[in-house]
Amino acid sequence: MREEMSRDDRVFVMGEDIGARGGVFLATDGFYEHFGEERVIDTPLAESSIAGIALGAAMNGLRPIAEIEFADFIYPTFNQIIGEAARVRYGSKGSLSVPMVIRAPYGGGVRGGLYHSQSVETFFAHTPGLKVVAPATPYDAKGLLKSSIRDEDPVIFLEHKRTYRLVQGEVPDHEYLVTLGKADVKMEGDDVTVFTYGLMLHHCLEAARQVAREGISVEIVDLRSIRPLDNETILSSAKKTGKVLIVHEDTKALGVGAEVSAIISEQAFEHLDSPIKRVTGPEVPAMPFSPSLEDVFMPDSDRIVTAIQELAVY
Amino acid sequence: MGDARLSLPVRKAAITHISSDLATQISMTERFASDVIDGQRLLDLYRRMVLSRTVDERVWMLNRQGKAAIVASAQGHEAAQMGSAAALRAGDDHFYIYYRDLAVLVGLGMTAKQIMLGFQAKAGEPMSGARQFPLHGGYPQLKIVNLSNVVGTQIPQAVGSALACKMRGQNSVTICYFGDGAASVGDCHEGMNFAAIHKLPIIFFCENNKYAISVPLSKQMAVDTIASRAEGYGMKGVVVDGTDVTPVYQATAEAAALARAGGGPTLIEAVVERYLPHTSDDDDSRYRDKDELEEARKHDPLILLKERLMDGGILTEQIYEEYLREAKREVDEATDYVEALPYPDPNDFFEHVYAYQEGESSL
Amino acid sequence: MGFCATNDLYGELVRKVLNMKIELPQVGESVTEGVIGKWLKEVGDRVEKYDPLVEVVTDKVNMEMPSPVSGELTSILVSEGKTVLMGAVIAEIAVDGDDEHATDALKEPIPDTLEPSQADRIGTLLKDVSPVGPTGSGGHISEGPVVQRYSPAVSRLAAEHGIDLSRITGTGMGGRVTRNDVMAVVGSQVESDPTSTGVSETDNVEVVPLTPIRRTIAENMIRSATQIPQAWTMMEVDVTNLVNLREKFRLEFKRTHGVNLTYMPFTLQAVAASLKDHPGVNSSWGNNSIILKHRINIGVAVASDAGLVVPVIHDTDLLDVAGLAVAVDDLARRVRDGKLSLSDVQDSTFTINNTGVFGSVIGKPLINPPEAAIMNTEAVIKRPVVIDDEIVVRSIMNLCLTFDHRVLDGAEAGAFLKSVKSRLESIDSDNIV
């Protein structure tokens, strides 16, 4: 963000507590001092207008990055994002556009309870006109964020809270972009493909290392973009192994896994050698608070290992 | 309604300032009427109001003929719309309008043909390619944006536009039109609050026709005027007689000057009449008195302005007849022309979902 | 409709029941199908219970299937050369009226259908029928064989390569034919199918159709070669004592036991004892587990006119050398005569392949699935060897072991082979134990 704000003075950030506080997760730490209050705008506690104002500014030539403090608080913005931002280009037949990024820390495993743990990607990913990105590694986060800021369309940029501290990785200082809508094969294998994104990537990699000791070769595809999905990579990997597992933290019904599964059964049906399986969060309205309850919700490497094994012997 | 706003004196107190700075309500009608807007300008506005009304009546008829799917009439709102638009810089200032703002578009110079394309949803419609309801979409040449049917949604967007103007160092003003119904929406509060905090160059222009579809003001709010809320946000609030083009023009010009000077937003409440049902799909006889409507008709902004121009010797019966003829000719021609056009080509159906089609690089 | 119709129906039912469906019996673990060989009876022939009815070739054995009932063969449903799943109906026999199967079979279905008029009106509640699935699956009422379900990938590959899926033995869950199973067959076709290599029959080549047993061997070996990661090791064994022992007791043994004394019983004995010490070698890969087998059943690969067969000496460890010699002789004779029974070829846990008879001194056998290892006994050759710094002539035999590296590592396989070697080398040339 800092690089993009230095590179392009149309880029600015707005949101709750992002100024002097530097953001509740310190994503904008030092921005206030460096770029000034004009381009680092602390907003009132009013999520709908954060999205709506960013939208208006974007239509008028700026490139706002609006931060929703926690993805759980994004629901008041639905009208502005889904009802409005997504439709601007289509509803004006291309005469208006919304080069806007909505950043939102999401996800659980942080003892955040019902209002600081949820996954919201599916709500937005359902909407044509939006792009939805969920990086899993620091490298991808930088490259995808830069691409999102430079994109001409509204991007929902979801950052898993647990990856902020848990996942460390190389981030080159130099300029690079990661293209939106491209999945990344994080591990190559032959027996079973696992499609995942966000924090779950790391559980999947751990699971793959475990089953490798049993001789099961797992291919792991990090979707990175939830919309648009990288159909090409999804289909080629599904065809390669013929066995597919989809892992996400979000709940199962009508989720990303359902879509990935549908794409595969529509376009790679004849390559499948087993039913498609999903490991996901359970069907409760939100992730509960107490550790014992939260652990029931969060998919982990053990559950993923079991699913991979079941597919391998099918 | 029978409340205070209905009996607003048209001439003596057509503009009522309400703000923390101004403890007393000051009538400014006479000063602006003579100083700011001259007779020829008023005559031109009148001509455009006649055109707007003619288009309005025509599309309502087309709806009843089954040729226009939906019409939200501006009849009764023309003075407020025309007067405010005329006070701003077309092509420079930003107009966030809503569905009833036909006369804003005519005031800004859109033609009957362009507008008729929207009502008949035909190919070549300029604002949305007929993907949206009439008058919706964007018209960048005149910086017009009208995205939503969700009332009040445009208010934070207009604030964002004003924020961008300020950040980009432009001297442009954004005007945000909305009805009394939208004043109840949360986005209205959020947007106004933010605009006031940052002293953004924006005019909140509320066309108060006293009905949110069927719900009267008394069931929408407990305060006497919507403009009185401005004080709560720390901005200037004004009530004007929206059936009289002059005070509307003056209040808007003043708000624009304040905004350009960095003085922040103004909330203008233009009290208007709605002569027709909410839309062509509505039946106002279920909730509105005939007597009340007849009384409202007496405040028809077109009659009011015609009388004033005639009184001032600016408008003659001959010019008036010519305006009517010319408007009818333009609208007839537009109607026939548009009726003969095809609907949009469905081959374009998938265009403009994203900036780049699938397969193209987005970078 | 009344009494007459009901009576007619009863008669029809009786006729149906009397016309008994003959199924290919389920035999042995991992056997799911058989190839129908020669029919030994013709339609219209009188068949006595236990009369050989048809030759059946499975991947384990060439067997004659005995008739389960007495009666008249009324129809043959599967012609020679066709592959069918175990449990499939292959023939019908009109059974004798007093046959117990017929009377048993009559008992159940009659009451349900004796009142057809009522059943027609209100429907009949069928019991023990699998429920209809939410999308209409299930609901099979017939008592026919369980039909193998093929995944989309398997169906597509089979269609593309013209493969008869019923011929493939599945390695997936519940014997499911997996994509890899099909690919293994595809791989073999590319190599061996003359049409796939563009070869058509000319003066220069002759295309010989596969016999069922050849095809079965081929599929098994593909499975072995493609699905089992195989490692190989070899040891030299000094069998001078064994050679001397055999020479000393050869004639006496023949007189006493009526069979020739070969090296094989000694090898079997040494291997059986070593398998006891190294149970990991007497096992199978179970995907998520390793299946250790308590019984030691050693298969002995034997060449026959038809091809390679592997009769099994069950509980090898319980037999002494004489017993083993008799058992080996018996099996070899029955292989030659084509008289092996199904049980003769089932349940082997380890295989010995006597390539020495062909003069081979080093060979790499392919594992006989699902076993974990296979051992070659190579030819016994006199060689100069160094013992106590002197060159002496000794009889040497190589033992070659191929093992499933998923199950075993080199250490355990080596220890096993070492154990066989020392047992053979320490044989007392004066006594048969």
# chains A, B, ... in the order shown; residues from 1 in each chain; ligands from 1
>>> select_by_dssp(residues="segment 25-119 of chain A", states="strand (DSSP E or B)", output="count of residues only")
14
>>> interface_residues(of="chain C", to="chain A", cutoff="7 Å", atoms="only C-alpha atoms", output="PyMOL selection string")
chain C and resi 151-154+156+172-173+178-179+287
>>> residues_around(residues="His126 of chain A", least_positions_apart="3", cutoff="10 Å", atoms="only C-alpha atoms", output="list in words")
Ile82, Glu121, Thr122, Phe123, Gly129, Leu130, Lys131, Val132, Ile226, Arg227, Leu254, Gly255, Val256 and Glu259 of chain A
>>> atom_distance(atom1="atom CA of Gly37 of chain C", atom2="atom CA of Leu340 of chain C")
15.1 Å
>>> closest_atom_pairs(of="chain A", to="chain B", cutoff="6 Å", atoms="only C-alpha atoms", output="Markdown table")
| residue | atom | partner | partner_atom | distance |
| --- | --- | --- | --- | --- |
| A:Ser49 | CA | B:Pro156 | CA | 5.3 |
| A:Gly52 | CA | B:Pro156 | CA | 4.8 |
| A:Ile53 | CA | B:Gly160 | CA | 3.8 |
| A:Ala54 | CA | B:Gly160 | CA | 5.7 |
| A:Leu55 | CA | B:Gln157 | CA | 5.8 |
| A:Gly56 | CA | B:Gln157 | CA | 3.8 |
| A:Ala57 | CA | B:Gly160 | CA | 4.2 |
| A:Asn60 | CA | B:Ser161 | CA | 5.4 |
| A:Arg89 | CA | B:His352 | CA | 5.7 |
| A:Tyr90 | CA | B:His352 | CA | 5.0 |
| A:Gly91 | CA | B:Ser128 | CA | 5.4 |
| A:Ser92 | CA | B:Ser128 | CA | 4.2 |
| A:Lys93 | CA | B:Ser128 | CA | 4.9 |
| A:Gly94 | CA | B:His352 | CA | 5.2 |
| A:Gly129 | CA | B:Val353 | CA | 5.2 |
>>> write_last_selection(atoms="C-alpha atoms", output="CSV table (one decimal), in the first residue's frame")
chain,number,residue,atom,x,y,z
A,49,SER,CA,-20.7,5.3,4.1
A,52,GLY,CA,-20.3,4.5,-0.4
A,53,ILE,CA,-17.9,7.4,-0.1
A,54,ALA,CA,-15.0,5.3,-1.4
A,55,LEU,CA,-17.3,4.4,-4.3
A,56,GLY,CA,-18.1,8.0,-5.1
A,57,ALA,CA,-14.5,9.0,-4.9
A,60,ASN,CA,-14.6,10.6,-9.6
A,89,ARG,CA,-19.8,-0.3,-14.9
A,90,TYR,CA,-22.6,-2.5,-16.2
A,91,GLY,CA,-25.4,-0.1,-15.2
A,92,SER,CA,-23.7,2.8,-17.0
A,93,LYS,CA,-22.7,0.7,-20.0
A,94,GLY,CA,-19.1,1.3,-19.3
A,129,GLY,CA,-18.8,-7.1,-11.2
>>> residues_around(residues="segment 351-360 of chain C", least_positions_apart="3", cutoff="6 Å", atoms="only C-alpha atoms", output="PyMOL selection string")
chain C and resi 298-301+374-379
>>> residues_around(residues="Leu217 of chain B", least_positions_apart="4", cutoff="9 Å", atoms="only C-alpha atoms", output="PyMOL selection string")
chain B and resi 1+180-181+208-212+221-222
>>> residues_around(residues="Arg176 of chain C", least_positions_apart="6", cutoff="8 Å", atoms="only C-alpha atoms", output="list of chain:residue names")
A:Tyr314, C:Gln148, C:Arg149, C:Tyr150, C:Gly170
>>> closest_residue(among="B:Thr266, B:Ala255, B:Tyr177, B:Arg325", to="Tyr233 of chain B", atoms="only C-alpha atoms")
B:Thr266
>>> residues_around(residues="Ala373 of chain C", least_positions_apart="6", cutoff="7 Å", atoms="only C-alpha atoms", output="list in words")
Val281, Phe350, Ile367, Leu401, Thr402, Phe403 and Asp404 of chain C
>>> write_last_selection(atoms="C-alpha atoms", output="compact mmCIF listing (two decimals), in the first residue's frame")
# COMPACT_ATOMS: atom_id res chain seq x y z
CA VAL C 281 7.75 -60.66 4.28
CA PHE C 350 4.68 -65.84 -0.81
CA ILE C 367 5.73 -59.86 -7.41
CA LEU C 401 14.34 -61.64 -4.01
CA THR C 402 11.96 -58.97 -5.31
CA PHE C 403 10.03 -57.18 -2.58
CA ASP C 404 7.36 -54.49 -2.22
>>> closest_residue(among="C:Val239, C:Ile228, C:Ala94, C:Ile432", to="Asp320 of chain C", atoms="only C-alpha atoms")
C:Ile432
>>> atom_distance(atom1="atom CA of Ala256 of chain B", atom2="atom CA of Gly234 of chain B")
17.0 Å
>>> select_by_dssp(residues="segment 66-221 of chain B", states="alpha helix (DSSP H)", output="MDAnalysis selection string")
chainID B and resid 78:86 102:108 112:119 154:167 186:197
>>> write_last_selection(atoms="N, CA and C atoms", output="compact mmCIF listing (two decimals), in the first residue's frame")
# COMPACT_ATOMS: atom_id res chain seq x y z
N GLU B 78 -40.55 20.69 -11.23
CA GLU B 78 -39.68 21.28 -12.28
C GLU B 78 -38.91 22.49 -11.81
N ALA B 79 -39.56 23.34 -11.04
CA ALA B 79 -38.89 24.58 -10.64
C ALA B 79 -37.69 24.27 -9.76
N ALA B 80 -37.88 23.32 -8.83
CA ALA B 80 -36.78 22.95 -7.93
C ALA B 80 -35.62 22.36 -8.73
N GLN B 81 -35.95 21.47 -9.64
CA GLN B 81 -34.90 20.79 -10.41
C GLN B 81 -34.21 21.75 -11.37
N MET B 82 -35.02 22.49 -12.08
CA MET B 82 -34.47 23.41 -13.09
C MET B 82 -33.69 24.54 -12.42
N GLY B 83 -34.25 25.07 -11.36
CA GLY B 83 -33.61 26.20 -10.68
C GLY B 83 -32.28 25.83 -10.08
N SER B 84 -32.20 24.66 -9.49
CA SER B 84 -30.94 24.24 -8.86
C SER B 84 -29.89 23.92 -9.92
N ALA B 85 -30.33 23.20 -10.97
CA ALA B 85 -29.36 22.84 -12.02
C ALA B 85 -28.81 24.09 -12.69
N ALA B 86 -29.69 25.07 -12.86
CA ALA B 86 -29.26 26.28 -13.56
C ALA B 86 -28.23 27.07 -12.77
N LEU B 102 -36.14 14.34 -14.01
CA LEU B 102 -36.22 14.59 -15.45
C LEU B 102 -35.84 16.03 -15.79
N ALA B 103 -36.35 16.99 -15.00
CA ALA B 103 -36.13 18.40 -15.33
C ALA B 103 -34.68 18.82 -15.09
N VAL B 104 -33.95 18.09 -14.22
CA VAL B 104 -32.52 18.38 -14.08
C VAL B 104 -31.83 18.08 -15.40
N LEU B 105 -32.17 16.94 -15.98
CA LEU B 105 -31.52 16.54 -17.23
C LEU B 105 -31.87 17.51 -18.35
N VAL B 106 -33.15 17.88 -18.44
CA VAL B 106 -33.55 18.82 -19.49
C VAL B 106 -32.87 20.17 -19.24
N GLY B 107 -32.80 20.53 -17.97
CA GLY B 107 -32.14 21.79 -17.62
C GLY B 107 -30.67 21.79 -18.02
N LEU B 108 -30.03 20.63 -17.89
CA LEU B 108 -28.61 20.55 -18.22
C LEU B 108 -28.38 20.42 -19.72
N ALA B 112 -34.90 15.72 -25.89
CA ALA B 112 -36.07 14.86 -25.76
C ALA B 112 -35.78 13.47 -26.32
N LYS B 113 -35.01 13.43 -27.40
CA LYS B 113 -34.67 12.13 -28.00
C LYS B 113 -33.86 11.28 -27.02
N GLN B 114 -32.85 11.90 -26.44
CA GLN B 114 -32.01 11.16 -25.49
C GLN B 114 -32.84 10.60 -24.35
N ILE B 115 -33.74 11.43 -23.88
CA ILE B 115 -34.55 11.01 -22.73
C ILE B 115 -35.57 9.96 -23.13
N MET B 116 -36.16 10.15 -24.30
CA MET B 116 -37.18 9.20 -24.77
C MET B 116 -36.58 7.81 -24.98
N LEU B 117 -35.32 7.75 -25.37
CA LEU B 117 -34.65 6.46 -25.54
C LEU B 117 -34.70 5.65 -24.24
N GLY B 118 -34.56 6.35 -23.13
CA GLY B 118 -34.59 5.67 -21.84
C GLY B 118 -35.97 5.15 -21.51
N PHE B 119 -36.98 5.96 -21.74
CA PHE B 119 -38.34 5.53 -21.37
C PHE B 119 -38.82 4.38 -22.24
N GLN B 154 -27.34 7.03 -3.07
CA GLN B 154 -26.44 7.94 -3.79
C GLN B 154 -25.80 8.96 -2.86
N ILE B 155 -26.31 9.11 -1.66
CA ILE B 155 -25.82 10.21 -0.81
C ILE B 155 -24.36 10.01 -0.41
N PRO B 156 -23.95 8.85 0.16
CA PRO B 156 -22.51 8.70 0.43
C PRO B 156 -21.66 8.74 -0.84
N GLN B 157 -22.21 8.27 -1.94
CA GLN B 157 -21.45 8.30 -3.20
C GLN B 157 -21.18 9.73 -3.62
N ALA B 158 -22.19 10.57 -3.49
CA ALA B 158 -22.01 11.99 -3.83
C ALA B 158 -20.98 12.62 -2.89
N VAL B 159 -21.00 12.19 -1.64
CA VAL B 159 -20.01 12.69 -0.68
C VAL B 159 -18.61 12.26 -1.13
N GLY B 160 -18.51 11.02 -1.58
CA GLY B 160 -17.23 10.54 -2.09
C GLY B 160 -16.77 11.35 -3.29
N SER B 161 -17.71 11.70 -4.15
CA SER B 161 -17.38 12.54 -5.30
C SER B 161 -16.84 13.89 -4.83
N ALA B 162 -17.49 14.46 -3.83
CA ALA B 162 -17.05 15.75 -3.30
C ALA B 162 -15.68 15.62 -2.64
N LEU B 163 -15.47 14.50 -1.96
CA LEU B 163 -14.17 14.25 -1.34
C LEU B 163 -13.08 14.23 -2.42
N ALA B 164 -13.41 13.56 -3.53
CA ALA B 164 -12.43 13.48 -4.63
C ALA B 164 -12.15 14.86 -5.20
N CYS B 165 -13.20 15.67 -5.36
CA CYS B 165 -13.00 17.03 -5.88
C CYS B 165 -12.05 17.80 -4.97
N LYS B 166 -12.28 17.65 -3.69
CA LYS B 166 -11.45 18.38 -2.73
C LYS B 166 -10.01 17.87 -2.79
N MET B 167 -9.85 16.52 -2.78
CA MET B 167 -8.50 15.96 -2.76
C MET B 167 -7.76 16.27 -4.05
N GLY B 186 -30.35 5.52 6.57
CA GLY B 186 -29.09 5.63 7.32
C GLY B 186 -27.96 6.23 6.51
N ASP B 187 -27.88 5.88 5.25
CA ASP B 187 -26.82 6.43 4.40
C ASP B 187 -26.88 7.95 4.33
N CYS B 188 -28.08 8.50 4.44
CA CYS B 188 -28.24 9.96 4.42
C CYS B 188 -27.51 10.56 5.61
N HIS B 189 -27.74 9.98 6.74
CA HIS B 189 -27.07 10.46 7.95
C HIS B 189 -25.56 10.29 7.85
N GLU B 190 -25.14 9.13 7.46
CA GLU B 190 -23.69 8.84 7.40
C GLU B 190 -23.00 9.78 6.41
N GLY B 191 -23.64 9.99 5.27
CA GLY B 191 -23.03 10.83 4.25
C GLY B 191 -22.94 12.28 4.68
N MET B 192 -24.03 12.78 5.23
CA MET B 192 -24.04 14.19 5.65
C MET B 192 -23.04 14.43 6.77
N ASN B 193 -22.98 13.51 7.68
CA ASN B 193 -22.05 13.63 8.80
C ASN B 193 -20.61 13.73 8.31
N PHE B 194 -20.26 12.84 7.40
CA PHE B 194 -18.89 12.82 6.87
C PHE B 194 -18.60 14.11 6.11
N ALA B 195 -19.56 14.53 5.28
CA ALA B 195 -19.36 15.74 4.46
C ALA B 195 -19.14 16.96 5.35
N ALA B 196 -19.90 17.01 6.44
CA ALA B 196 -19.76 18.16 7.34
C ALA B 196 -18.42 18.13 8.06
N ILE B 197 -18.00 16.92 8.49
CA ILE B 197 -16.71 16.80 9.19
C ILE B 197 -15.58 17.35 8.32
